[in-house]
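Data block for final28.csv (CSV, C-alpha atoms):
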chain,number,residue,atom,x,y,z
A,131,MET,CA,-37.1,152.9,-26.7
A,132,THR,CA,-39.8,150.5,-25.7
A,133,SER,CA,-40.5,147.4,-23.6
A,134,ALA,CA,-44.2,147.3,-24.4
A,135,LEU,CA,-44.4,146.1,-28.0
A,136,ASP,CA,-48.2,146.1,-28.3
A,137,ILE,CA,-48.5,149.7,-27.1
A,138,THR,CA,-45.7,150.9,-29.4
A,139,GLN,CA,-47.3,149.1,-32.4
A,140,ALA,CA,-50.5,150.9,-31.6
A,141,VAL,CA,-48.8,154.3,-31.3
A,142,ASN,CA,-46.8,153.6,-34.4
A,143,PRO,CA,-43.9,156.1,-34.0
A,144,PRO,CA,-41.5,156.7,-36.9
A,145,ARG,CA,-38.6,154.8,-35.2
A,146,ALA,CA,-38.5,152.4,-32.2
A,147,VAL,CA,-36.2,149.9,-30.6
A,148,PHE,CA,-37.8,147.1,-28.5
A,149,VAL,CA,-36.1,145.2,-25.7
A,150,ASN,CA,-38.1,142.4,-23.9
A,151,PHE,CA,-37.4,143.5,-20.3
A,152,PRO,CA,-39.9,144.2,-17.4
A,153,LEU,CA,-41.2,147.7,-17.3
A,154,GLY,CA,-38.9,150.1,-15.5
A,155,HIS,CA,-35.8,148.6,-17.2
A,156,GLN,CA,-36.1,150.0,-20.8
A,157,THR,CA,-32.4,150.7,-20.9
A,158,GLY,CA,-31.2,147.8,-18.8
A,159,LYS,CA,-30.6,146.3,-15.4
A,160,PRO,CA,-29.4,148.4,-12.5
A,161,ASN,CA,-25.6,148.6,-12.1
A,162,GLN,CA,-24.9,146.8,-15.3
A,163,PRO,CA,-23.3,149.6,-17.3
A,164,GLU,CA,-22.1,147.3,-20.2
A,165,LEU,CA,-25.7,146.1,-20.9
A,166,GLN,CA,-27.1,149.6,-20.5
A,167,ARG,CA,-24.4,151.0,-22.9
A,168,GLN,CA,-25.1,148.3,-25.5
A,169,ILE,CA,-28.8,149.0,-25.4
A,170,VAL,CA,-28.3,152.7,-25.7
A,171,ARG,CA,-25.7,152.2,-28.5
A,172,ASP,CA,-28.1,149.9,-30.4
A,173,ALA,CA,-30.8,152.7,-30.1
A,174,MET,CA,-28.4,155.3,-31.5
A,175,THR,CA,-27.4,153.0,-34.3
A,176,ALA,CA,-31.1,152.5,-35.2
A,177,PHE,CA,-31.3,156.2,-36.0
A,178,GLU,CA,-29.2,155.4,-39.0
A,179,THR,CA,-30.3,151.9,-39.9
A,180,ILE,CA,-34.1,152.5,-39.8
A,181,THR,CA,-35.2,153.8,-43.2
A,182,ARG,CA,-38.8,152.7,-43.3
A,183,PRO,CA,-41.2,154.8,-41.1
A,184,GLY,CA,-42.8,152.6,-38.4
A,185,THR,CA,-40.0,150.2,-38.1
A,186,ILE,CA,-39.5,148.5,-34.7
A,187,VAL,CA,-36.0,147.0,-34.2
A,188,HIS,CA,-36.0,144.1,-31.8
A,189,LEU,CA,-32.9,143.8,-29.6
A,190,PRO,CA,-31.6,140.3,-28.7
A,191,TYR,CA,-31.0,140.8,-25.0
A,192,VAL,CA,-32.7,138.3,-22.6
A,193,TRP,CA,-33.7,139.3,-19.1
A,194,ASP,CA,-32.9,135.9,-17.6
A,195,LEU,CA,-31.9,133.0,-19.7
A,196,ASN,CA,-33.1,130.4,-17.2
A,197,ASP,CA,-36.3,132.0,-16.1
A,198,ASN,CA,-38.9,134.0,-18.0
A,199,SER,CA,-41.6,133.9,-15.3
A,200,TRP,CA,-41.5,137.7,-15.1
A,201,GLU,CA,-43.5,137.7,-18.3
A,202,GLN,CA,-46.4,136.1,-16.5
A,203,THR,CA,-46.4,138.6,-13.6
A,204,ASP,CA,-45.2,141.9,-15.0
A,205,TYR,CA,-48.0,144.6,-14.8
A,206,THR,CA,-50.5,142.3,-13.0
A,207,GLU,CA,-52.2,142.5,-9.6
A,208,GLY,CA,-49.8,143.7,-6.9
A,209,PHE,CA,-47.4,145.1,-9.5
A,210,LEU,CA,-47.9,148.8,-8.8
A,211,PRO,CA,-46.2,150.3,-5.8
A,212,GLU,CA,-48.4,151.7,-3.0
A,213,ARG,CA,-48.9,155.4,-3.4
A,214,PRO,CA,-47.3,156.9,-0.3
A,215,PRO,CA,-49.5,159.2,1.9
A,216,LYS,CA,-49.2,162.9,1.2
A,217,GLU,CA,-47.4,163.6,4.5
A,218,GLU,CA,-44.7,161.1,3.6
A,219,ALA,CA,-44.3,162.6,0.1
A,220,ASP,CA,-44.1,166.1,1.5
A,221,ARG,CA,-41.5,165.0,4.0
A,222,ALA,CA,-39.3,163.4,1.3
A,223,GLU,CA,-39.6,166.6,-0.7
A,224,ALA,CA,-38.7,168.8,2.2
A,225,GLU,CA,-35.6,166.5,2.9
A,226,ARG,CA,-34.5,166.9,-0.7
A,227,ARG,CA,-34.9,170.7,-0.5
A,228,LEU,CA,-32.8,170.8,2.6
A,229,ARG,CA,-30.1,168.5,1.3
A,230,PHE,CA,-29.6,170.5,-1.8
A,231,SER,CA,-30.3,174.0,-0.5
A,232,HIS,CA,-26.9,175.6,-1.1
B,211,MET,CA,-42.5,136.4,-25.8
B,212,PRO,CA,-43.4,140.0,-25.6
B,213,VAL,CA,-46.0,140.8,-22.9
B,214,GLU,CA,-49.3,142.2,-24.0
B,215,TYR,CA,-49.6,145.3,-21.9
B,216,ILE,CA,-52.8,146.7,-23.3
B,217,PRO,CA,-55.0,143.9,-21.9
B,218,ARG,CA,-52.9,143.8,-18.7
B,219,THR,CA,-53.5,147.5,-18.2
B,220,ARG,CA,-57.3,147.0,-18.7
B,221,GLU,CA,-57.2,144.4,-16.1
B,222,LEU,CA,-55.0,146.2,-13.6
B,223,TYR,CA,-57.1,149.4,-13.9
B,224,ARG,CA,-60.5,147.7,-14.2
B,225,ASN,CA,-62.1,149.8,-11.5
B,226,TYR,CA,-61.4,153.0,-13.6
B,227,PRO,CA,-63.0,154.3,-16.8
B,228,PRO,CA,-61.2,152.5,-19.6
B,229,TYR,CA,-58.1,154.2,-21.0
B,230,ARG,CA,-58.4,155.3,-24.6
B,231,TRP,CA,-55.3,154.0,-26.2
B,232,VAL,CA,-53.6,156.1,-28.9
B,233,VAL,CA,-53.8,154.2,-32.2
B,234,ASN,CA,-52.2,155.6,-35.2
B,235,SER,CA,-52.8,153.6,-38.4
B,236,ASP,CA,-51.3,156.1,-40.9
B,237,VAL,CA,-47.7,155.9,-42.0
B,238,PRO,CA,-45.8,157.8,-39.3
B,239,PRO,CA,-44.3,161.2,-40.2
B,240,TRP,CA,-40.7,160.9,-41.2
B,241,THR,CA,-37.8,163.3,-40.7
B,242,PRO,CA,-34.6,161.9,-42.2
B,243,LEU,CA,-31.5,162.0,-40.0
B,244,PRO,CA,-29.7,165.2,-41.2
B,245,ARG,CA,-26.2,163.7,-40.7
B,246,PRO,CA,-24.5,160.6,-39.3
B,247,ILE,CA,-25.4,160.0,-35.6
B,248,SER,CA,-21.8,160.5,-34.7
B,249,GLU,CA,-22.2,164.2,-35.7
B,250,CYS,CA,-25.8,164.7,-34.3
B,251,LYS,CA,-26.8,166.6,-31.2
B,252,VAL,CA,-29.1,164.2,-29.4
B,253,ALA,CA,-31.4,165.0,-26.5
B,254,LEU,CA,-32.5,162.5,-23.9
B,255,ILE,CA,-36.1,162.5,-22.7
B,256,SER,CA,-37.4,160.1,-20.0
B,257,SER,CA,-41.1,159.6,-19.0
B,258,GLY,CA,-39.8,157.8,-15.8
B,259,GLY,CA,-40.4,160.7,-13.4
B,260,ILE,CA,-36.8,161.8,-12.8
B,261,LEU,CA,-36.1,164.7,-10.4
B,262,TYR,CA,-32.9,166.7,-10.0
B,263,ARG,CA,-31.8,167.9,-6.6
B,264,ASP,CA,-34.6,170.0,-5.0
B,265,GLN,CA,-37.0,169.9,-8.0
B,266,PRO,CA,-40.7,169.4,-6.9
B,267,ARG,CA,-42.3,166.0,-7.4
B,268,PHE,CA,-44.9,165.2,-10.0
B,269,HIS,CA,-48.6,165.1,-9.2
B,270,ARG,CA,-51.6,163.3,-10.6
B,271,GLU,CA,-52.3,164.3,-14.2
B,272,ASP,CA,-49.2,166.4,-14.1
B,273,ALA,CA,-48.1,167.5,-17.6
B,274,SER,CA,-45.1,169.4,-16.4
B,275,TYR,CA,-41.5,168.4,-17.1
B,276,ARG,CA,-38.1,168.9,-15.4
B,277,LEU,CA,-34.9,170.0,-16.9
B,278,ILE,CA,-32.0,167.8,-15.8
B,279,PRO,CA,-28.4,169.1,-16.4
B,280,LYS,CA,-26.4,166.6,-18.5
B,281,THR,CA,-23.8,166.5,-15.7
B,282,ALA,CA,-26.3,165.3,-13.1
B,283,THR,CA,-24.9,162.5,-10.9
B,284,GLN,CA,-26.7,159.5,-9.4
B,285,ALA,CA,-26.7,161.2,-5.9
B,286,GLU,CA,-28.5,164.3,-7.4
B,287,LEU,CA,-31.3,162.3,-9.0
B,288,ASP,CA,-34.5,160.9,-7.6
B,289,VAL,CA,-37.5,159.2,-9.1
B,290,TRP,CA,-41.2,160.0,-8.5
B,291,HIS,CA,-43.7,157.8,-10.4
B,292,PHE,CA,-46.6,155.6,-9.5
B,293,GLY,CA,-47.0,153.6,-12.7
B,294,TYR,CA,-44.0,151.2,-12.3
B,295,PRO,CA,-41.9,149.9,-9.4
B,296,THR,CA,-39.2,152.5,-9.1
B,297,LYS,CA,-36.8,150.6,-6.9
B,298,ASP,CA,-34.2,149.7,-9.6
B,299,ALA,CA,-34.5,153.2,-11.2
B,300,LYS,CA,-33.8,154.8,-7.9
B,301,ALA,CA,-30.8,152.6,-7.3
B,302,ASP,CA,-29.5,153.3,-10.8
B,303,HIS,CA,-31.3,155.9,-12.9
B,304,ASN,CA,-29.7,154.5,-16.0
B,305,CYS,CA,-32.4,151.8,-16.0
B,306,VAL,CA,-34.8,154.3,-17.5
B,307,PHE,CA,-32.8,157.5,-17.8
B,308,PRO,CA,-29.4,156.5,-19.3
B,309,LEU,CA,-27.7,159.9,-18.8
B,310,ALA,CA,-24.3,158.4,-17.8
B,311,ARG,CA,-24.4,156.1,-20.8
B,312,MET,CA,-25.2,158.9,-23.2
B,313,ARG,CA,-22.3,160.9,-21.7
B,314,GLU,CA,-20.0,158.0,-22.4
B,315,LEU,CA,-21.2,157.7,-26.0
B,316,GLU,CA,-20.6,161.4,-26.4
B,317,ALA,CA,-17.1,161.1,-25.0
B,318,ALA,CA,-16.4,158.2,-27.3
B,319,GLY,CA,-17.6,160.2,-30.3
B,320,GLU,CA,-20.4,157.7,-31.0
B,321,ILE,CA,-22.9,160.6,-30.9
B,322,GLY,CA,-21.9,164.1,-31.9
B,323,ALA,CA,-23.1,165.7,-28.6
B,324,LEU,CA,-25.5,165.1,-25.8
B,325,ALA,CA,-27.9,168.0,-25.6
B,326,ASP,CA,-28.0,170.0,-22.3
B,327,PRO,CA,-30.3,169.7,-20.4
B,328,ALA,CA,-32.0,166.4,-20.6
B,329,TYR,CA,-35.8,166.3,-19.9
B,330,SER,CA,-38.1,164.2,-17.8
B,331,PHE,CA,-41.8,164.0,-17.0
B,332,MET,CA,-44.0,161.5,-15.2
B,333,GLY,CA,-45.6,159.4,-17.9
B,334,GLY,CA,-48.6,158.2,-15.8
B,335,ILE,CA,-50.9,160.8,-17.3
B,336,TYR,CA,-54.4,159.5,-17.9
B,337,SER,CA,-55.3,162.2,-20.5
B,338,ALA,CA,-53.7,161.5,-23.9
B,339,ARG,CA,-55.1,164.9,-24.9
B,340,LYS,CA,-53.1,166.6,-22.2
B,341,VAL,CA,-49.9,164.9,-23.4
B,342,ARG,CA,-50.6,165.7,-27.1
B,343,ASP,CA,-51.8,169.3,-26.7
B,344,GLU,CA,-49.8,170.5,-23.6
B,345,LEU,CA,-46.8,168.4,-22.8
B,346,ALA,CA,-45.6,167.4,-26.3
B,347,PRO,CA,-45.7,170.9,-27.9
B,348,ARG,CA,-43.8,172.4,-25.0
B,349,LEU,CA,-41.1,169.7,-25.2
B,350,ILE,CA,-40.9,170.2,-29.0
B,351,GLU,CA,-40.4,173.9,-28.4
B,352,GLU,CA,-37.5,173.1,-26.0
B,353,LEU,CA,-35.9,170.8,-28.5
B,354,LYS,CA,-36.2,173.3,-31.3
B,355,ARG,CA,-34.6,176.0,-29.1
B,356,ALA,CA,-31.8,173.6,-28.2
B,357,ARG,CA,-31.3,172.9,-31.9
B,358,VAL,CA,-31.1,169.2,-31.5
B,359,ASP,CA,-30.9,166.8,-34.5
B,360,ALA,CA,-32.6,163.9,-32.8
B,361,PHE,CA,-34.1,163.0,-29.4
B,362,TYR,CA,-34.1,159.6,-27.6
B,363,LEU,CA,-37.4,159.0,-25.8
B,364,VAL,CA,-37.1,156.4,-23.0
B,365,PRO,CA,-40.3,155.4,-21.3
B,366,ALA,CA,-40.5,153.5,-18.0
Let me see whether you can do it: turn the structure in this file into structure tokens.
Amino acid sequence: MTSALDITQAVNPPRAVFVNFPLGHQTGKPNQPELQRQIVRDAMTAFETITRPGTIVHLPYVWDLNDNSWEQTDYTEGFLPERPPKEEADRAEAERRLRFSH
Amino acid sequence: MPVEYIPRTRELYRNYPPYRWVVNSDVPPWTPLPRPISECKVALISSGGILYRDQPRFHREDASYRLIPKTATQAELDVWHFGYPTKDAKADHNCVFPLARMRELEAAGEIGALADPAYSFMGGIYSARKVRDELAPRLIEELKRARVDAFYLVPA
């Protein structure tokens, strides 16, 4: 699965399925199971339909029919989340351990 | 129009030594699908930094991976990754780790079986060598041991 066509073209895997969505959504939008299922189903189908090594199947889904401005801003300045301080990360991890320690 | 992520990555990480992109110009190796996908055992692998219950988080240049039981629920999963905004993936892991959707395709008979467990690692690893020589061979060993017919690699 890929949303970064140029990177996948460079890596050149045997089989790939491309959807033009912002990074972090390679199998769809949150809480839209129908869309997610269709993307995953299309990927499974590609296992059978791709017969030439290096083929990249392009899926037809569009992120937003009325607004493609994400293409201008995705993975640009300010895109990456702040790395939380170590103490905060340790605390989150300790909380997870506590929550699931049974 | 597809976004050109290679130049954007160069720009975003311009204060770091330039990343050496993997470029393969040979014809990729080819393994034919051994049987119809509706009869295949398929493994799910995500580079989106998925964690199950109390599993430890990923660290910088971390080439380890986590085993995620195929029955894992949304409440049991967390996301730990610095290379993409994880808000949506945290709200619904199926954005980058479509475990629930794969279970549905298994139940509907559209794939033969979903392999147990699924796998996840944190794809923001600077060293391509580390991925090629450490992470990938270990995952391949896991997949061979699990006797899967195919694996579905989902990045983030």
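Closest approach to chain B among A:Arg221, A:Lys216, A:His188, A:Lys159: A:Lys159, based on only C-alpha atoms.
Nearest to chain B of all the residues A:Trp200, A:Trp193, A:Tyr205, A:Phe148 is A:Tyr205, based on all atoms listed in the file.
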Next on the checklist: Near chain B, meaning an atom within 7 Å, which residues of chain A appear when counting only C-alpha atoms? Write them as an NGL selection string.
Outcome noted: :A and (131-132 or 134-137 or 140-144 or 150 or 153-161 or 167 or 174 or 178 or 183-184 or 201 or 205-207 or 210-211 or 213 or 223 or 226-227 or 230)
Please dump the current selection as a short mmCIF file (atom, residue, chain, number, x, y, z; two decimals), keeping the file's coordinate frame; keep C-alpha atoms.
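The resulting file, part_8.cif, is reproduced below:
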data_model
loop_
_atom_site.label_atom_id
_atom_site.label_comp_id
_atom_site.auth_asym_id
_atom_site.auth_seq_id
_atom_site.Cartn_x
_atom_site.Cartn_y
_atom_site.Cartn_z
CA MET A 131 -37.10 152.90 -26.70
CA THR A 132 -39.80 150.50 -25.70
CA ALA A 134 -44.20 147.30 -24.40
CA LEU A 135 -44.40 146.10 -28.00
CA ASP A 136 -48.20 146.10 -28.30
CA ILE A 137 -48.50 149.70 -27.10
CA ALA A 140 -50.50 150.90 -31.60
CA VAL A 141 -48.80 154.30 -31.30
CA ASN A 142 -46.80 153.60 -34.40
CA PRO A 143 -43.90 156.10 -34.00
CA PRO A 144 -41.50 156.70 -36.90
CA ASN A 150 -38.10 142.40 -23.90
CA LEU A 153 -41.20 147.70 -17.30
CA GLY A 154 -38.90 150.10 -15.50
CA HIS A 155 -35.80 148.60 -17.20
CA GLN A 156 -36.10 150.00 -20.80
CA THR A 157 -32.40 150.70 -20.90
CA GLY A 158 -31.20 147.80 -18.80
CA LYS A 159 -30.60 146.30 -15.40
CA PRO A 160 -29.40 148.40 -12.50
CA ASN A 161 -25.60 148.60 -12.10
CA ARG A 167 -24.40 151.00 -22.90
CA MET A 174 -28.40 155.30 -31.50
CA GLU A 178 -29.20 155.40 -39.00
CA PRO A 183 -41.20 154.80 -41.10
CA GLY A 184 -42.80 152.60 -38.40
CA GLU A 201 -43.50 137.70 -18.30
CA TYR A 205 -48.00 144.60 -14.80
CA THR A 206 -50.50 142.30 -13.00
CA GLU A 207 -52.20 142.50 -9.60
CA LEU A 210 -47.90 148.80 -8.80
CA PRO A 211 -46.20 150.30 -5.80
CA ARG A 213 -48.90 155.40 -3.40
CA GLU A 223 -39.60 166.60 -0.70
CA ARG A 226 -34.50 166.90 -0.70
CA ARG A 227 -34.90 170.70 -0.50
CA PHE A 230 -29.60 170.50 -1.80
#
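Between CA of Ala222 in chain A and CA of Asp204 in chain A the interatomic distance comes to 27.6 Å.
Computed from the coordinates, the CA of Leu324 in chain B to CA of Leu254 in chain B distance equals 7.7 Å.
Take the candidates B:Pro327, B:Pro228, B:Gly334, B:Gly322 and check each one against Arg276 in chain B using all atoms listed in the file; the shortest distance goes to B:Pro327.
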Next on the checklist: So the first atom is CA of Tyr336 in chain B and the second is CA of Tyr229 in chain B; what is the distance between them in Å, to one decimal place?
Outcome noted: 7.2 Å
